[in-house]
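This report refers to the structure that appears directly beneath it.
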Amino acid sequence: MTFYRLTAKLLCLTRVAGLFCVIFSALLCSPSSRASPDKGASSTLASQNTKKNTKAPHKGLHKGSYKARQIISETGPPFKRTPELVALANHISLENNLPSHWVLDQLLKAKSLSKVKQLVLPPSVGVKKNWMAYKERFLSESRILGGRDFAQKNWASLEKAQRLYQVPWEIIVAIIGVETFYGKNMGYFKALDVLTSLSMDFPKSHPRAQERESFFKQELGALLKLMQTTQQSVWISSYAGAMGLPQFMPSNWHKFAVDFDEDGHIDLYASQADAIGSVGNYLAKFGWQSHMPTYFDIDPNFDKTHLQELLAPDILPSFKTQQLMDWGLPLTPTVQSHTGPLALVMLENAEAEPSYVLGTENFYTLTRYNWSSYYALAVIELGQAVKANRALSSIQSNAR
Ligand SMILES: [Ca+2]
């Protein structure tokens with residue numbers, strides 16, 4: 001996720017550097033529109049964690065699940081049976097219709113992770129966002145070629161998802177590419193540890209501590225429900241609890257995950273098909289519209305007289321094309337023929353002039369996956385690059 005997070009990836013060769021790059025990236029690109037950074041943040045961490053694991057996968061993993069290159073490498077002291085922990089167990093039990101003694105038993109197995117409490121804090125002020133740096137990181141040659149290979153391997157599933165959900169295959173590939181580098185970086189925490197830590201000890205210094213703590217309690221309940229339903233005890237996640245190839249939070253696993261390879265169970269770690277279908281389903285449920293562009297380019301030298309009004313709705317498409325023209329934006333005939341609302345999206349480039357695009361409702365839908373315009377545009381451009389590379393490979397193959 002997130003973020004933001006850019007060139008820092010290159011610095012993530014060690015775990016310590018990984019922590020640094022998460023923070024650095026967040027500073028660079030965390031968009032103001034982002035109301036819920038956790039998912040994005042998790043993905044970014046996952047993406048940035050390039051450290052290769054060589055140990056055997058955790059023995060607790062359920063057969064057929066994520067067996068992995070990743071291992072659980074973060075731990076801490078176990079939670080004690082305090083009144084607060086018992087109260088949390090009772091709360092989750094009631095909310096999710098789970099046996100309270102079973103919930104408490106699970107929470108007593110969780111470890112308190114001080115690291116995740118640091119990672120969920122927002123970036124300190126002073127570092128400017130930088131779209132160009134962000135883009136450079138996510139549109140690396142290895143990520144583009146990885147997307148082409150992922151598409152090649154999963155072409156039947158991608159075609160099926162595109163047909164069923166009306167979401168372009170390259171968008172689905174790009175989301176999985178940005179989130180986890182096509183499954184290479186799905187995190188190295190136990191989701192139970194992460195979500196219990198963030199439910200019990202969410203940092204009070206966070207500007208929205210109460211809201212975030214409540215969010216993580218809900219996600220902890222959703223995870224426990226998954227654990228009980230599947231009888232799988234270990235779920236690997238990012239530092240914010242995002243899981244699998246598409247980095248779904250537990251509640252999203254319940255709401256949007258699908259058994260796309262029809263083998264009888266949903267596995268977003270080991271089944272690339274299930275991940276593909278689930279991403280398509282997620283975007284469809286959030287209103288993806290077939291054949292609608294995601295954004296239009298705009299000449300950055302447009303009249304800035306009404307810039308404040310234009311940026312006020314942030315990424316929410318709010319303006320008709322006539323309104324934009326009335327305020328002096330030079331719209332091409334193609335944009336003028338667009339019938340839906342548009343948003344003027346500004347992406348900062350550190351000290352350089354910002355970039356602008358006109359986001360459509362599909363652009364907005366992408367930000368429902370990760371509440372960031374930087375994220376959405378990176379996904380779009382990575383998808384375009386993967387699609388172009390695949391087409392080029394096909395031409396070269398046919399020429400041989
Ligand atoms: Ca399946």
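Each chain in the structure tokens gets a letter, A, B and so on, in the order shown; residues start at 1 in every chain, and ligands are counted from 1 in the order they appear.
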For the contact check between chain A and ligand 1, emit one row per residue of chain A within 7 Å, containing the shortest atom pair and the distance in Å rounded to one decimal, counting only C-alpha atoms and all ligand atoms, chain then rising number order, as a Markdown table.
```
| residue | atom | partner | partner_atom_place_in_ligand_line | distance |
| --- | --- | --- | --- | --- |
| A:Asp259 | CA | ligand 1 | 1 (Ca) | 4.1 |
| A:Phe260 | CA | ligand 1 | 1 (Ca) | 5.6 |
| A:Asp261 | CA | ligand 1 | 1 (Ca) | 4.7 |
| A:Glu262 | CA | ligand 1 | 1 (Ca) | 5.2 |
| A:Asp263 | CA | ligand 1 | 1 (Ca) | 4.7 |
| A:Gly264 | CA | ligand 1 | 1 (Ca) | 5.8 |
| A:His265 | CA | ligand 1 | 1 (Ca) | 4.6 |
| A:Ile266 | CA | ligand 1 | 1 (Ca) | 4.3 |
| A:Asp267 | CA | ligand 1 | 1 (Ca) | 5.5 |
| A:Ser271 | CA | ligand 1 | 1 (Ca) | 6.2 |
| A:Asp274 | CA | ligand 1 | 1 (Ca) | 5.3 |
```
Those same residues - C-alpha atoms - I'd like them written as a short mmCIF file (atom, residue, chain, number, x, y, z; two decimals), in the first residue's frame.
```
data_model
loop_
_atom_site.label_atom_id
_atom_site.label_comp_id
_atom_site.auth_asym_id
_atom_site.auth_seq_id
_atom_site.Cartn_x
_atom_site.Cartn_y
_atom_site.Cartn_z
CA ASP A 259 -13.66 -19.00 -5.56
CA PHE A 260 -12.74 -18.20 -9.14
CA ASP A 261 -11.01 -21.50 -9.95
CA GLU A 262 -14.01 -23.33 -8.55
CA ASP A 263 -12.03 -25.78 -6.46
CA GLY A 264 -14.41 -25.45 -3.54
CA HIS A 265 -12.62 -22.92 -1.38
CA ILE A 266 -11.27 -19.39 -1.52
CA ASP A 267 -7.53 -19.02 -1.30
CA SER A 271 -4.72 -19.33 -6.07
CA ASP A 274 -9.12 -16.62 -6.92
#
```
Tell me, which residues of stretch 95-330 of chain A carry DSSP helix (DSSP H, G or I), written as a tab-separated table (two decimals) with C-alpha atoms, in the first residue's frame?
```tsv
chain	number	residue	atom	x	y	z
A	95	GLU	CA	-20.24	-8.75	17.28
A	96	ASN	CA	-19.34	-11.84	15.29
A	100	SER	CA	-16.20	-16.03	23.78
A	101	HIS	CA	-13.89	-18.63	25.32
A	102	TRP	CA	-12.60	-19.56	21.87
A	103	VAL	CA	-12.02	-15.92	20.97
A	104	LEU	CA	-10.13	-15.33	24.22
A	105	ASP	CA	-8.02	-18.42	23.62
A	106	GLN	CA	-7.01	-17.05	20.22
A	107	LEU	CA	-6.19	-13.60	21.57
A	114	SER	CA	5.58	-2.81	18.83
A	115	LYS	CA	6.71	-2.36	15.23
A	116	VAL	CA	3.25	-2.24	13.69
A	117	LYS	CA	2.22	0.44	16.14
A	118	GLN	CA	4.99	2.63	14.76
A	119	LEU	CA	4.17	1.81	11.16
A	131	TRP	CA	4.25	11.51	-8.10
A	132	MET	CA	7.19	11.11	-10.45
A	133	ALA	CA	9.18	9.21	-7.85
A	134	TYR	CA	6.15	7.13	-6.97
A	135	LYS	CA	5.54	6.30	-10.61
A	136	GLU	CA	9.15	5.38	-11.21
A	137	ARG	CA	8.98	2.85	-8.48
A	138	PHE	CA	5.81	1.11	-9.58
A	141	GLU	CA	10.90	-2.88	-15.82
A	142	SER	CA	10.75	-5.88	-13.50
A	143	ARG	CA	7.19	-5.05	-12.45
A	144	ILE	CA	6.10	-4.60	-16.05
A	145	LEU	CA	7.71	-7.85	-17.20
A	146	GLY	CA	6.35	-9.59	-14.12
A	147	GLY	CA	2.88	-8.40	-15.09
A	148	ARG	CA	3.28	-9.71	-18.62
A	149	ASP	CA	4.31	-13.12	-17.31
A	150	PHE	CA	1.52	-13.14	-14.73
A	151	ALA	CA	-0.98	-12.33	-17.48
A	152	GLN	CA	0.42	-15.02	-19.72
A	153	LYS	CA	0.11	-17.62	-17.01
A	155	TRP	CA	-4.86	-15.52	-19.31
A	156	ALA	CA	-7.95	-17.70	-19.07
A	157	SER	CA	-8.81	-16.37	-15.61
A	158	LEU	CA	-8.21	-12.78	-16.69
A	159	GLU	CA	-10.44	-13.14	-19.72
A	160	LYS	CA	-13.11	-14.70	-17.56
A	161	ALA	CA	-12.87	-11.88	-15.00
A	162	GLN	CA	-12.99	-9.24	-17.71
A	163	ARG	CA	-16.08	-10.84	-19.17
A	164	LEU	CA	-17.82	-11.35	-15.84
A	165	TYR	CA	-16.95	-8.09	-14.10
A	169	TRP	CA	-7.64	-7.47	-17.37
A	170	GLU	CA	-4.66	-5.13	-17.19
A	171	ILE	CA	-6.21	-3.23	-14.29
A	172	ILE	CA	-6.56	-6.45	-12.31
A	173	VAL	CA	-2.99	-7.47	-13.11
A	174	ALA	CA	-1.69	-4.04	-12.14
A	175	ILE	CA	-3.45	-4.03	-8.79
A	176	ILE	CA	-1.92	-7.36	-7.90
A	177	GLY	CA	1.41	-6.07	-9.21
A	178	VAL	CA	1.36	-2.93	-7.12
A	179	GLU	CA	-0.01	-4.64	-4.03
A	180	THR	CA	2.32	-7.62	-3.79
A	191	ALA	CA	-2.52	-11.15	10.96
A	192	LEU	CA	-3.67	-12.22	14.43
A	193	ASP	CA	-0.65	-10.52	16.02
A	194	VAL	CA	-1.07	-7.39	13.91
A	195	LEU	CA	-4.78	-6.91	14.45
A	196	THR	CA	-4.71	-7.76	18.16
A	197	SER	CA	-1.84	-5.31	18.66
A	198	LEU	CA	-3.66	-2.55	16.81
A	199	SER	CA	-6.90	-3.29	18.65
A	200	MET	CA	-5.34	-3.37	22.11
A	209	ALA	CA	-6.83	6.96	16.98
A	210	GLN	CA	-10.34	6.12	18.11
A	211	GLU	CA	-11.64	5.57	14.60
A	212	ARG	CA	-8.66	3.47	13.57
A	213	GLU	CA	-8.76	1.38	16.72
A	214	SER	CA	-12.42	0.65	16.10
A	215	PHE	CA	-11.61	-0.28	12.49
A	216	PHE	CA	-8.94	-2.76	13.57
A	217	LYS	CA	-11.25	-4.32	16.16
A	218	GLN	CA	-13.75	-4.98	13.40
A	219	GLU	CA	-11.04	-6.46	11.22
A	220	LEU	CA	-9.83	-8.63	14.10
A	221	GLY	CA	-13.35	-9.96	14.47
A	222	ALA	CA	-13.51	-10.65	10.73
A	223	LEU	CA	-10.18	-12.48	10.90
A	224	LEU	CA	-11.32	-14.63	13.81
A	225	LYS	CA	-14.42	-15.51	11.88
A	226	LEU	CA	-12.25	-16.56	8.95
A	227	MET	CA	-10.09	-18.61	11.30
A	228	GLN	CA	-13.06	-20.38	12.75
A	229	THR	CA	-14.76	-20.98	9.43
A	230	THR	CA	-11.69	-22.36	7.71
A	250	PRO	CA	-10.31	-9.76	6.55
A	251	SER	CA	-13.70	-8.03	6.20
A	252	ASN	CA	-13.13	-7.62	2.46
A	253	TRP	CA	-12.25	-11.29	2.24
A	254	HIS	CA	-15.74	-12.02	3.55
A	255	LYS	CA	-17.44	-9.48	1.29
A	256	PHE	CA	-15.59	-9.68	-2.01
A	272	GLN	CA	-3.90	-16.61	-8.56
A	273	ALA	CA	-7.28	-17.26	-10.18
A	274	ASP	CA	-9.12	-16.62	-6.92
A	275	ALA	CA	-7.15	-13.39	-6.50
A	276	ILE	CA	-7.95	-12.26	-10.04
A	277	GLY	CA	-11.65	-12.94	-9.66
A	278	SER	CA	-11.75	-11.29	-6.26
A	279	VAL	CA	-10.12	-8.07	-7.48
A	280	GLY	CA	-12.53	-7.95	-10.41
A	281	ASN	CA	-15.46	-8.54	-8.09
A	282	TYR	CA	-14.24	-5.85	-5.71
A	283	LEU	CA	-14.04	-3.21	-8.42
A	284	ALA	CA	-17.37	-4.25	-9.92
A	285	LYS	CA	-19.05	-3.95	-6.53
A	307	LEU	CA	-8.08	26.10	-9.05
A	308	GLN	CA	-9.30	26.23	-5.47
A	309	GLU	CA	-12.87	25.43	-6.46
A	310	LEU	CA	-11.69	22.75	-8.86
A	311	LEU	CA	-9.67	20.96	-6.20
A	321	THR	CA	-17.53	19.17	-18.69
A	322	GLN	CA	-19.40	22.43	-19.31
A	323	GLN	CA	-18.54	23.65	-15.82
A	324	LEU	CA	-14.89	22.87	-16.41
A	325	MET	CA	-14.92	24.78	-19.68
A	326	ASP	CA	-16.68	27.70	-18.04
```
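As for atom CA of A:Pro293 and atom CA of A:Phe363, they are spaced 8.1 Å apart.
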DSSP-assigned strand (DSSP E or B) members of stretch 85-199 of chain A, reported as a ChimeraX atom specification: /A:111,130,189-190
Writer output for current selection, C-alpha atoms, as a PDB file, in the first residue's frame:
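What landed in out-v3.pdb:
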```pdb
ATOM      1  CA  LYS A 111       1.912 -11.471  20.213  1.00  0.00           C
ATOM      2  CA  ASN A 130       6.300  13.140  -5.366  1.00  0.00           C
ATOM      3  CA  PHE A 189       3.450 -10.752   9.969  1.00  0.00           C
ATOM      4  CA  LYS A 190       0.768 -12.926  11.494  1.00  0.00           C
TER       5      LYS A 190
END
```
Close residues, A:Leu342 itself excluded, 7 Å, only C-alpha atoms, min 2 positions apart in chain, as a list in words: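 Those residues are Pro317, Ser318, Phe319, Lys320, Gly340, Leu344, Leu358, Gly359 and Thr360 of chain A.
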